[in-house]
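Enquirer: Got a structure for you, start-v6.txt, holding compact mmCIF, C-alpha atoms.
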# COMPACT_ATOMS: atom_id res chain seq x y z
CA MET A 23 17.62 17.84 5.19
CA LEU A 24 19.88 15.40 3.32
CA LYS A 25 18.51 16.32 -0.11
CA VAL A 26 21.34 18.82 -0.65
CA LYS A 27 23.83 15.93 -0.35
CA PHE A 28 21.97 13.64 -2.77
CA THR A 29 21.80 15.70 -5.94
CA SER A 30 22.17 12.90 -8.51
CA HIS A 31 19.33 10.63 -9.63
CA ASP A 32 21.84 7.76 -9.87
CA GLU A 33 22.51 8.05 -6.12
CA LEU A 34 18.82 7.46 -5.40
CA ILE A 35 18.78 4.49 -7.77
CA GLY A 36 21.77 3.02 -5.89
CA LEU A 37 19.96 3.44 -2.58
CA LYS A 38 16.86 1.80 -4.04
CA LYS A 39 18.91 -1.17 -5.32
CA ILE A 40 20.38 -1.75 -1.84
CA ILE A 41 16.84 -1.83 -0.43
CA LEU A 42 15.37 -4.10 -3.10
CA ASN A 43 18.30 -6.51 -3.53
CA LEU A 44 19.74 -6.72 -0.01
CA ALA A 45 17.74 -5.24 2.89
CA LEU A 46 14.25 -6.26 1.74
CA PRO A 47 15.10 -9.92 0.88
CA ALA A 48 16.95 -10.30 4.22
CA THR A 49 13.99 -8.85 6.13
CA ILE A 50 11.51 -11.18 4.43
CA PHE A 51 13.81 -14.19 4.93
CA ILE A 52 14.15 -13.56 8.70
CA ALA A 53 10.41 -12.87 9.09
CA LEU A 54 9.47 -16.13 7.35
CA LEU A 55 11.94 -18.24 9.34
CA GLY A 56 10.60 -16.73 12.57
CA ILE A 57 7.02 -17.85 11.91
CA GLN A 58 5.51 -20.32 14.36
CA VAL A 59 2.27 -21.56 12.85
CA GLN A 60 -0.49 -22.13 15.43
CA LEU A 61 -3.72 -23.82 14.38
CA ASN A 62 -5.95 -21.47 16.39
CA LEU A 63 -4.46 -18.46 14.60
CA LEU A 64 -4.75 -19.73 11.02
CA LEU A 65 -7.95 -17.73 10.48
CA LEU A 66 -6.09 -14.43 10.90
CA PRO A 67 -4.06 -14.64 7.62
CA LEU A 68 -7.28 -15.38 5.74
CA LEU A 69 -8.98 -12.32 7.28
CA ALA A 70 -6.01 -10.10 6.34
CA LEU A 71 -5.97 -11.49 2.79
CA ALA A 72 -9.74 -10.88 2.54
CA LEU A 73 -9.21 -7.24 3.57
CA ASN A 74 -6.47 -6.83 0.93
CA LEU A 75 -8.68 -8.27 -1.80
CA LEU A 76 -11.70 -6.23 -0.74
CA LEU A 77 -9.69 -2.98 -0.87
CA PHE A 78 -8.28 -3.99 -4.27
CA LEU A 79 -11.81 -4.52 -5.64
CA VAL A 80 -13.42 -1.43 -4.06
CA ILE A 81 -10.72 1.20 -4.70
CA PRO A 82 -11.16 1.37 -8.54
CA PHE A 83 -14.74 2.62 -8.07
CA LEU A 84 -13.59 5.37 -5.66
CA LEU A 85 -10.54 6.68 -7.56
CA PRO A 86 -12.55 8.54 -10.27
CA LEU A 87 -14.22 10.57 -7.47
CA LEU A 88 -10.79 12.07 -6.74
CA GLY A 89 -10.09 12.95 -10.37
CA ILE A 90 -7.83 9.93 -10.98
CA VAL A 91 -8.68 8.86 -14.52
CA LYS A 92 -9.04 5.16 -15.32
CA ASN A 93 -6.30 3.36 -17.27
CA THR A 94 -3.65 5.96 -16.40
CA PRO A 95 -0.31 5.28 -14.63
CA GLU A 96 -1.62 7.08 -11.53
CA PHE A 97 -4.76 4.91 -11.48
CA ARG A 98 -2.78 1.66 -11.73
CA THR A 99 -0.26 2.88 -9.13
CA ALA A 100 -3.01 3.65 -6.62
CA ARG A 101 -4.70 0.29 -7.31
CA VAL A 102 -1.49 -1.58 -6.45
CA LEU A 103 -0.39 0.47 -3.42
CA VAL A 104 -3.64 1.30 -1.60
CA PRO A 105 -4.73 -2.31 -0.80
CA SER A 106 -1.29 -3.17 0.64
CA LEU A 107 -0.39 -3.02 4.34
CA ALA A 108 2.91 -2.42 6.15
CA PRO A 109 2.17 -3.45 9.75
CA GLY A 110 5.83 -4.02 10.58
CA LEU A 111 6.68 -0.36 10.01
CA SER A 112 3.45 1.22 11.24
CA CYS A 113 1.33 -0.76 13.72
CA PHE A 114 3.50 -3.48 15.29
CA PRO A 115 5.40 -1.16 17.71
CA PHE A 116 2.13 0.37 18.96
CA ILE A 117 0.38 -3.01 19.30
CA VAL A 118 3.18 -4.17 21.63
CA GLU A 119 2.94 -1.02 23.76
CA PHE A 120 -0.86 -0.80 24.03
CA LEU A 121 -2.09 -4.40 23.71
CA GLY A 122 0.86 -6.61 24.67
CA SER A 123 3.10 -9.25 23.08
CA SER A 124 0.31 -11.85 22.74
CA TYR A 125 -1.57 -9.51 20.40
CA LEU A 126 1.65 -8.83 18.48
CA ALA A 127 1.83 -12.58 17.77
CA LYS A 128 -1.71 -12.44 16.39
CA ALA A 129 -0.81 -9.42 14.24
CA ALA A 130 2.28 -11.25 12.94
CA MET A 131 0.14 -14.24 11.98
CA ALA A 132 -2.36 -11.96 10.20
CA ASP A 133 0.56 -10.40 8.31
CA LEU A 134 1.15 -13.77 6.62
CA GLY A 135 -1.99 -13.28 4.52
CA ASN A 136 -0.96 -9.72 3.74
CA LYS A 137 2.52 -10.91 2.70
CA VAL A 138 1.02 -13.43 0.28
CA PHE A 139 -1.00 -10.61 -1.27
CA VAL A 140 1.73 -7.94 -1.51
CA LEU A 141 4.58 -10.25 -2.49
CA ILE A 142 2.88 -12.69 -4.84
CA VAL A 143 -0.59 -11.50 -5.91
CA LEU A 144 0.38 -7.86 -6.52
CA TYR A 145 3.62 -8.93 -8.23
CA LEU A 146 1.69 -11.11 -10.70
CA ILE A 147 -0.86 -8.32 -11.28
CA ALA A 148 1.85 -5.69 -11.87
CA MET A 149 3.75 -7.91 -14.33
CA GLN A 150 0.55 -8.92 -16.13
CA TRP A 151 -0.36 -5.26 -16.62
CA HIS A 152 3.15 -4.59 -17.95
CA TYR A 153 3.02 -7.47 -20.45
CA THR A 154 -0.51 -6.60 -21.52
CA ARG A 155 0.59 -3.05 -22.35
CA HIS A 156 3.97 -3.69 -23.99
CA GLN A 157 4.29 -7.28 -25.18
CA VAL A 158 3.91 -7.86 -28.94
CA ARG A 159 0.60 -9.59 -29.68
CA SER A 160 2.15 -12.25 -31.90
CA ASP A 161 4.26 -13.51 -29.00
CA GLY A 162 1.19 -15.19 -27.58
CA ARG A 163 0.10 -16.16 -24.12
CA LYS A 164 2.72 -18.90 -23.67
CA SER A 165 5.72 -16.59 -24.12
CA LYS A 166 4.16 -14.07 -21.71
CA ILE A 167 3.82 -16.72 -19.04
CA ILE A 168 7.40 -17.91 -19.59
CA ALA A 169 8.73 -14.34 -19.35
CA LEU A 170 6.66 -13.75 -16.21
CA LEU A 171 7.93 -16.94 -14.55
CA LYS A 172 11.53 -16.10 -15.51
CA THR A 173 11.27 -12.68 -13.85
CA LEU A 174 9.54 -14.23 -10.84
CA VAL A 175 12.30 -16.80 -10.31
CA THR A 176 15.27 -14.47 -10.81
CA GLU A 177 14.15 -11.70 -8.42
CA PRO A 178 16.24 -11.66 -5.18
CA VAL A 179 13.12 -11.20 -3.02
CA ASN A 180 11.43 -14.23 -4.55
CA LEU A 181 14.60 -16.35 -4.31
CA PHE A 182 14.83 -15.58 -0.58
CA ILE A 183 11.12 -16.38 -0.09
CA GLY A 184 11.54 -19.74 -1.82
CA LEU A 185 14.65 -20.58 0.22
CA ALA A 186 12.96 -19.58 3.50
CA LEU A 187 9.89 -21.72 2.76
CA LEU A 188 12.13 -24.69 1.89
CA LEU A 189 14.03 -24.31 5.20
CA LEU A 190 10.72 -24.06 7.09
CA LEU A 191 9.57 -27.33 5.56
CA LEU A 192 12.85 -28.94 6.67
CA GLY A 193 12.38 -27.56 10.20
CA ILE A 194 15.39 -25.21 10.01
CA ASN A 195 15.18 -21.79 11.72
CA MET A 196 17.57 -18.83 12.08
CA GLU A 197 19.36 -20.37 15.10
CA ALA A 198 20.23 -23.46 13.06
CA LEU A 199 21.99 -21.45 10.34
CA PRO A 200 25.77 -20.84 10.49
CA PHE A 201 26.60 -17.76 12.58
CA PHE A 202 28.18 -15.75 9.75
CA ILE A 203 25.05 -16.21 7.59
CA SER A 204 22.49 -15.41 10.30
CA GLU A 205 24.52 -12.43 11.53
CA ALA A 206 24.96 -11.01 8.01
CA LEU A 207 21.23 -11.37 7.28
CA THR A 208 20.31 -9.75 10.61
CA LYS A 209 22.59 -6.77 9.92
CA LEU A 210 21.13 -6.37 6.43
CA SER A 211 17.60 -6.58 7.82
CA LEU A 212 18.30 -3.84 10.37
CA MET A 213 19.06 -1.46 7.49
CA MET A 214 15.57 -1.89 6.03
CA THR A 215 13.48 0.63 7.99
CA PRO A 216 16.00 3.52 8.07
CA LEU A 217 16.87 3.07 4.39
CA VAL A 218 13.20 3.02 3.34
CA LEU A 219 12.46 6.17 5.33
CA LEU A 220 15.58 7.89 3.97
CA PHE A 221 14.69 6.91 0.41
CA ILE A 222 11.13 8.24 0.78
CA GLY A 223 12.40 11.50 2.25
CA LEU A 224 14.97 11.97 -0.52
CA ALA A 225 12.71 10.96 -3.42
CA VAL A 226 9.43 12.62 -2.44
CA ARG A 227 8.28 15.55 -4.60
CA ILE A 228 4.68 16.33 -3.69
CA LYS A 229 2.87 19.05 -5.60
CA ARG A 230 0.08 20.96 -3.87
CA LYS A 231 -2.69 19.48 -6.02
CA GLN A 232 -1.26 15.98 -5.64
CA PHE A 233 -0.99 16.38 -1.86
CA TYR A 234 -4.73 17.03 -1.47
CA GLN A 235 -5.56 14.18 -3.85
CA ILE A 236 -3.36 11.62 -2.05
CA PHE A 237 -4.52 12.81 1.39
CA SER A 238 -8.14 12.36 0.26
CA LEU A 239 -7.32 8.92 -1.17
CA LEU A 240 -5.74 7.76 2.10
CA CYS A 241 -8.67 9.11 4.13
CA ILE A 242 -11.09 7.16 1.92
CA ARG A 243 -8.91 4.04 2.37
CA ALA A 244 -9.05 4.45 6.16
CA GLY A 245 -12.81 5.08 6.01
CA VAL A 246 -13.39 1.88 4.03
CA VAL A 247 -11.28 -0.07 6.58
CA PHE A 248 -13.41 1.28 9.45
CA LEU A 249 -16.63 0.33 7.66
CA VAL A 250 -15.39 -3.17 6.74
CA ILE A 251 -14.27 -3.87 10.32
CA GLY A 252 -17.55 -2.40 11.61
CA VAL A 253 -19.51 -4.87 9.45
CA PHE A 254 -17.25 -7.72 10.67
CA VAL A 255 -17.81 -6.76 14.33
CA VAL A 256 -21.60 -6.65 13.84
CA THR A 257 -21.85 -9.92 11.89
CA THR A 258 -19.58 -11.89 14.29
CA SER A 259 -20.96 -10.21 17.47
CA LEU A 260 -17.37 -9.50 18.54
CA GLN A 261 -17.40 -7.76 21.94
CA MET A 262 -13.76 -7.97 23.12
CA PRO A 263 -12.32 -4.40 22.99
CA LYS A 264 -8.68 -5.48 22.56
CA GLU A 265 -9.55 -7.77 19.64
CA ILE A 266 -11.43 -4.93 17.92
CA LEU A 267 -8.52 -2.52 18.53
CA LEU A 268 -6.15 -5.11 17.04
CA LEU A 269 -8.29 -5.38 13.89
CA LEU A 270 -8.48 -1.59 13.50
CA ALA A 271 -4.76 -0.99 14.13
CA PHE A 272 -3.77 -3.71 11.66
CA GLY A 273 -6.22 -2.52 8.99
CA LEU A 274 -5.05 1.10 9.32
CA SER A 275 -1.41 0.17 8.64
CA ALA A 276 0.48 2.30 6.14
CA CYS A 277 0.82 1.30 2.49
CA SER A 278 3.55 -1.28 2.00
CA PHE A 279 6.92 -0.63 0.37
CA TRP A 280 6.85 -4.06 -1.30
CA PRO A 281 4.36 -3.14 -4.05
CA TYR A 282 6.67 -0.22 -4.78
CA ALA A 283 9.39 -2.84 -5.39
CA HIS A 284 7.16 -4.35 -8.09
CA ILE A 285 6.51 -0.89 -9.56
CA SER A 286 10.27 -0.22 -9.63
CA LEU A 287 10.89 -3.53 -11.38
CA VAL A 288 8.31 -2.73 -14.06
CA ASP A 289 9.73 0.79 -14.35
CA SER A 290 13.21 -0.63 -14.99
CA LEU A 291 11.78 -2.87 -17.75
CA GLU A 292 10.23 0.21 -19.40
CA MET A 293 13.30 2.49 -19.36
CA GLU A 294 13.24 2.95 -23.13
CA LYS A 295 9.45 3.09 -23.49
CA LYS A 296 7.49 6.34 -23.57
CA SER A 297 4.28 4.80 -22.24
CA LYS A 298 4.60 3.75 -18.59
CA THR A 299 2.48 1.23 -16.70
CA PHE A 300 3.01 2.97 -13.34
CA ASP A 301 3.96 6.42 -12.05
CA ASN A 302 7.06 5.94 -9.88
CA GLY A 303 6.94 9.43 -8.37
CA TYR A 304 3.25 9.13 -7.53
CA ALA A 305 3.96 5.84 -5.72
CA ILE A 306 6.66 7.48 -3.58
CA ASN A 307 4.31 10.34 -2.68
CA ILE A 308 1.60 7.89 -1.58
CA LEU A 309 4.12 6.09 0.65
CA ALA A 310 5.42 9.38 2.05
CA LEU A 311 1.95 10.53 3.18
CA SER A 312 0.74 7.09 4.19
CA PHE A 313 3.18 6.56 7.06
CA PRO A 314 2.46 9.69 9.14
CA LEU A 315 -1.31 9.56 8.52
CA SER A 316 -1.52 5.87 9.48
CA THR A 317 0.57 6.51 12.61
CA LEU A 318 -1.80 9.26 13.74
CA LEU A 319 -4.89 7.13 13.10
CA ILE A 320 -3.45 4.05 14.85
CA LEU A 321 -2.39 6.10 17.89
CA GLY A 322 -5.82 7.74 17.98
CA VAL A 323 -7.56 4.35 17.93
CA LEU A 324 -5.30 2.69 20.53
CA ASN A 325 -5.47 5.71 22.85
CA SER A 326 -9.26 5.71 22.74
CA GLY A 327 -9.71 3.03 25.40
CA THR A 328 -13.08 1.33 24.88
CA LEU A 329 -14.47 3.99 22.51
CA PHE A 330 -14.25 1.71 19.47
CA SER A 331 -15.66 -1.34 21.23
CA SER A 332 -19.01 -0.02 19.98
CA SER A 333 -19.81 -0.71 16.32
CA ILE A 334 -21.73 2.59 16.15
CA ASN A 335 -18.53 4.55 16.87
CA ILE A 336 -16.61 2.47 14.31
CA PHE A 337 -19.20 3.25 11.61
CA PHE A 338 -19.26 6.92 12.63
CA ALA A 339 -15.45 7.20 12.31
CA GLY A 340 -15.62 5.46 8.93
CA PHE A 341 -18.22 7.87 7.55
CA VAL A 342 -16.30 10.88 8.92
CA LEU A 343 -13.11 9.76 7.15
CA LEU A 344 -15.03 9.09 3.93
CA GLY A 345 -16.52 12.57 4.23
CA ILE A 346 -13.06 14.12 4.66
CA GLY A 347 -11.79 12.13 1.69
CA THR A 348 -14.58 13.25 -0.62
CA LEU A 349 -14.65 16.86 0.65
CA GLN A 350 -12.34 18.19 -2.07
CA SER A 351 -14.34 16.46 -4.82
CA LEU A 352 -17.63 17.78 -3.44
CA PHE A 353 -16.17 21.29 -3.22
CA LYS A 354 -15.05 21.10 -6.87
CA PHE A 355 -18.44 19.73 -7.92
CA PHE A 356 -20.45 22.48 -6.20
CA SER A 357 -18.04 25.22 -7.34
CA LYS A 358 -18.53 24.08 -10.95
CA LYS A 359 -22.30 24.04 -10.43
CA SER A 360 -22.31 27.55 -8.99
CA MET A 361 -20.16 28.81 -11.87
CA ALA A 362 -22.54 27.20 -14.37
CA ILE A 363 -25.51 28.86 -12.63
CA ARG A 364 -23.73 32.23 -12.71
CA PHE A 365 -23.00 31.92 -16.41
CA SER A 366 -26.59 30.92 -17.15
CA LYS A 367 -27.90 33.84 -15.10
CA THR A 368 -25.51 36.22 -16.88
CA GLY A 369 -26.75 34.87 -20.22
CA LEU A 370 -30.41 35.34 -19.23
CA ASP A 371 -29.78 38.88 -17.97
CA SER A 372 -28.01 39.88 -21.17
CA ALA A 373 -30.78 38.33 -23.28
CA SER A 374 -33.50 40.16 -21.33
CA THR A 375 -31.55 43.43 -21.66
CA GLU A 376 -31.34 42.98 -25.42
CA ARG A 377 -35.11 42.42 -25.65
CA ILE A 378 -35.80 45.63 -23.69
Show me, as structure tokens, the structure contained in the file I just sent.
Expert:
Amino acid sequence: MLKVKFTSHDELIGLKKIILNLALPATIFIALLGIQVQLNLLLLPLLALALNLLLFLVIPFLLPLLGIVKNTPEFRTARVLVPSLAPGLSCFPFIVEFLGSSYLAKAAMADLGNKVFVLIVLYLIAMQWHYTRHQVRSDGRKSKIIALLKTLVTEPVNLFIGLALLLLLLGINMEALPFFISEALTKLSLMMTPLVLLFIGLAVRIKRKQFYQIFSLLCIRAGVVFLVIGVFVVTTSLQMPKEILLLLAFGLSACSFWPYAHISLVDSLEMEKKSKTFDNGYAINILALSFPLSTLLILGVLNSGTLFSSSINIFFAGFVLLGIGTLQSLFKFFSKKSMAIRFSKTGLDSASTERI
């Protein structure tokens, strides 16, 4: 509805800069200072990080099924965004309502592993892809590493992460900070969610073909998550329904906005270059569809009671979602086959007519 008021591209860039340079760093800073590390929960970040890495490794083999060609900006964009998770925006509110505050603490601990992946691992991957594509060969590996480290150190998000980790080591939390600093950071952090949602709504431009492709991609992502968690439940003999629901809700979180921050940074470095590493618009469209779809899936899982306490039901849901995701590709495949058969039949009929 607000698109008529935001007609200039520069206005969107200004909104994006507020998110990336103010709201996002403040949100990360407060989240890190609020962490209370418990030894019995240290396994959860490792499990979340393992899920991120598994999705990152599996997705490249599935993207060509949807017509996303390898080594294209769309392919690289999907590779960076799809393995990321945004539990704070998508699953945390529902975990509190359905499972309770103790399970929210577990989800917050698991999010530590996800944060390491989306903030550090994906940043390094995105910058490496950028330098591989555009850096002059004669510069050598050393200059690439120096340029990468320089960008890493000077980014506001990374500066705030470093400062927060230093304060954690010194035993300083938000309450110990001067009031004007903690209050300013809190106010900036509160802007994060509404600004992100406004930016997505204003920037999204989904074409019909792209909509079906992204919807299929997100269904495949959710299907893979169900199957991975199903395997985990079977191998660990996990039988506690709430623990299983927590795993599913966390894994089905929407794609994170933070990898988009890396994409935007790379995009700003390539302003004068014709060849792009990522597709900025495609990234926005993935985010725009990811939030509502993830919300529906998470609500469906948490409202199911004990339905997903059975590994059979988890596997069934995973295969159903994979089927929905590949439906468009299968339809295209069989339609091409039928057209080829028709043409061959037409050719045979005309040849037989000529002989007669």
Enquirer: How many Å separate atom CA of A:Val140 from atom CA of A:Leu75?
Expert: 10.4 Å
Enquirer: Given the choices A:Thr99, A:Asn325, A:Ser123, A:Gln350, which gets closest to A:Ile306 if the distance is worked out from all atoms listed in the file?
Expert: A:Thr99
Enquirer: Fewer than 4 positions away in the same chain doesn't count, so skip those; otherwise give me all residues within 7 Å of A:Leu121, counting all atoms listed in the file, as an MDAnalysis selection string.
Expert: chainID A and resid 117 125 264
Enquirer: A:Phe300, A:Phe221, A:Phe330, A:Tyr153: which is nearest A:Met262, counting only C-alpha atoms?
Expert: A:Phe330
Enquirer: Between A:Asn195, A:Thr299, A:Thr328, A:Ser333, which is the closest to A:Ser259 once you count all atoms listed in the file?
Expert: A:Ser333
Enquirer: I need the residue nearest A:Met131 from this list: A:Leu55, A:Leu65, A:Leu76, A:Ile90. Use all atoms listed in the file for the distance.
Expert: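 Of A:Leu55, A:Leu65, A:Leu76, A:Ile90, the one nearest A:Met131 is A:Leu65, counting all atoms listed in the file.
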Enquirer: Around (17.5, -0.3, -1.1) in the file's frame, which residues reach within 12 Å when counting only C-alpha atoms? Return as a PyMOL selection string?
Expert: chain A and resi 33-49+179+210-211+213-222+279-280+282-283+286
Enquirer: Rounded to one decimal in Å, what is the spacing between atom CA of A:Ser316 and atom CA of A:Leu274?
Expert: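 Separating atom CA of A:Ser316 from atom CA of A:Leu274 is a distance of 5.9 Å.
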Enquirer: Return the single residue from A:Phe254, A:Glu96, A:Glu265, A:Leu270 that is closest to A:Leu321, with distances computed using all atoms listed in the file.
Expert: A:Leu270
Enquirer: Between A:Ile228, A:Leu192, A:Leu88, A:Ala244, which residue has the minimum interatomic distance to A:Leu73, considering all atoms listed in the file?
Expert: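 Going through A:Ile228, A:Leu192, A:Leu88, A:Ala244 one by one, the smallest distance to A:Leu73 is for A:Ala244.
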Enquirer: Would you compute the distance between atom CA of A:Phe201 and atom CA of A:Leu188? Give it in Å to one decimal.
Expert: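 Computed distance, atom CA of A:Phe201 to atom CA of A:Leu188, equals 19.3 Å.
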Enquirer: Got a sec: who's within 12 Å of A:Glu292, counting all atoms listed in the file, leaving out chain neighbours fewer than 3 positions off, as a list in words?
Expert: Met149, His152, Tyr153, Arg155, His156, Gln157, Ile285, Ser286, Leu287, Val288, Asp289, Lys295, Lys296, Ser297, Lys298, Thr299, Phe300, Asp301 and Asn302 of chain A
Enquirer: Within 10 Å of (-4.2, 1.5, -12.4), only C-alpha atoms: residues as a list in words?
Expert: Pro82, Leu85, Ile90, Val91, Lys92, Asn93, Thr94, Pro95, Glu96, Phe97, Arg98, Thr99, Ala100, Arg101, Val102, Leu103, Ala148, Trp151, Thr299, Phe300 and Asp301 of chain A
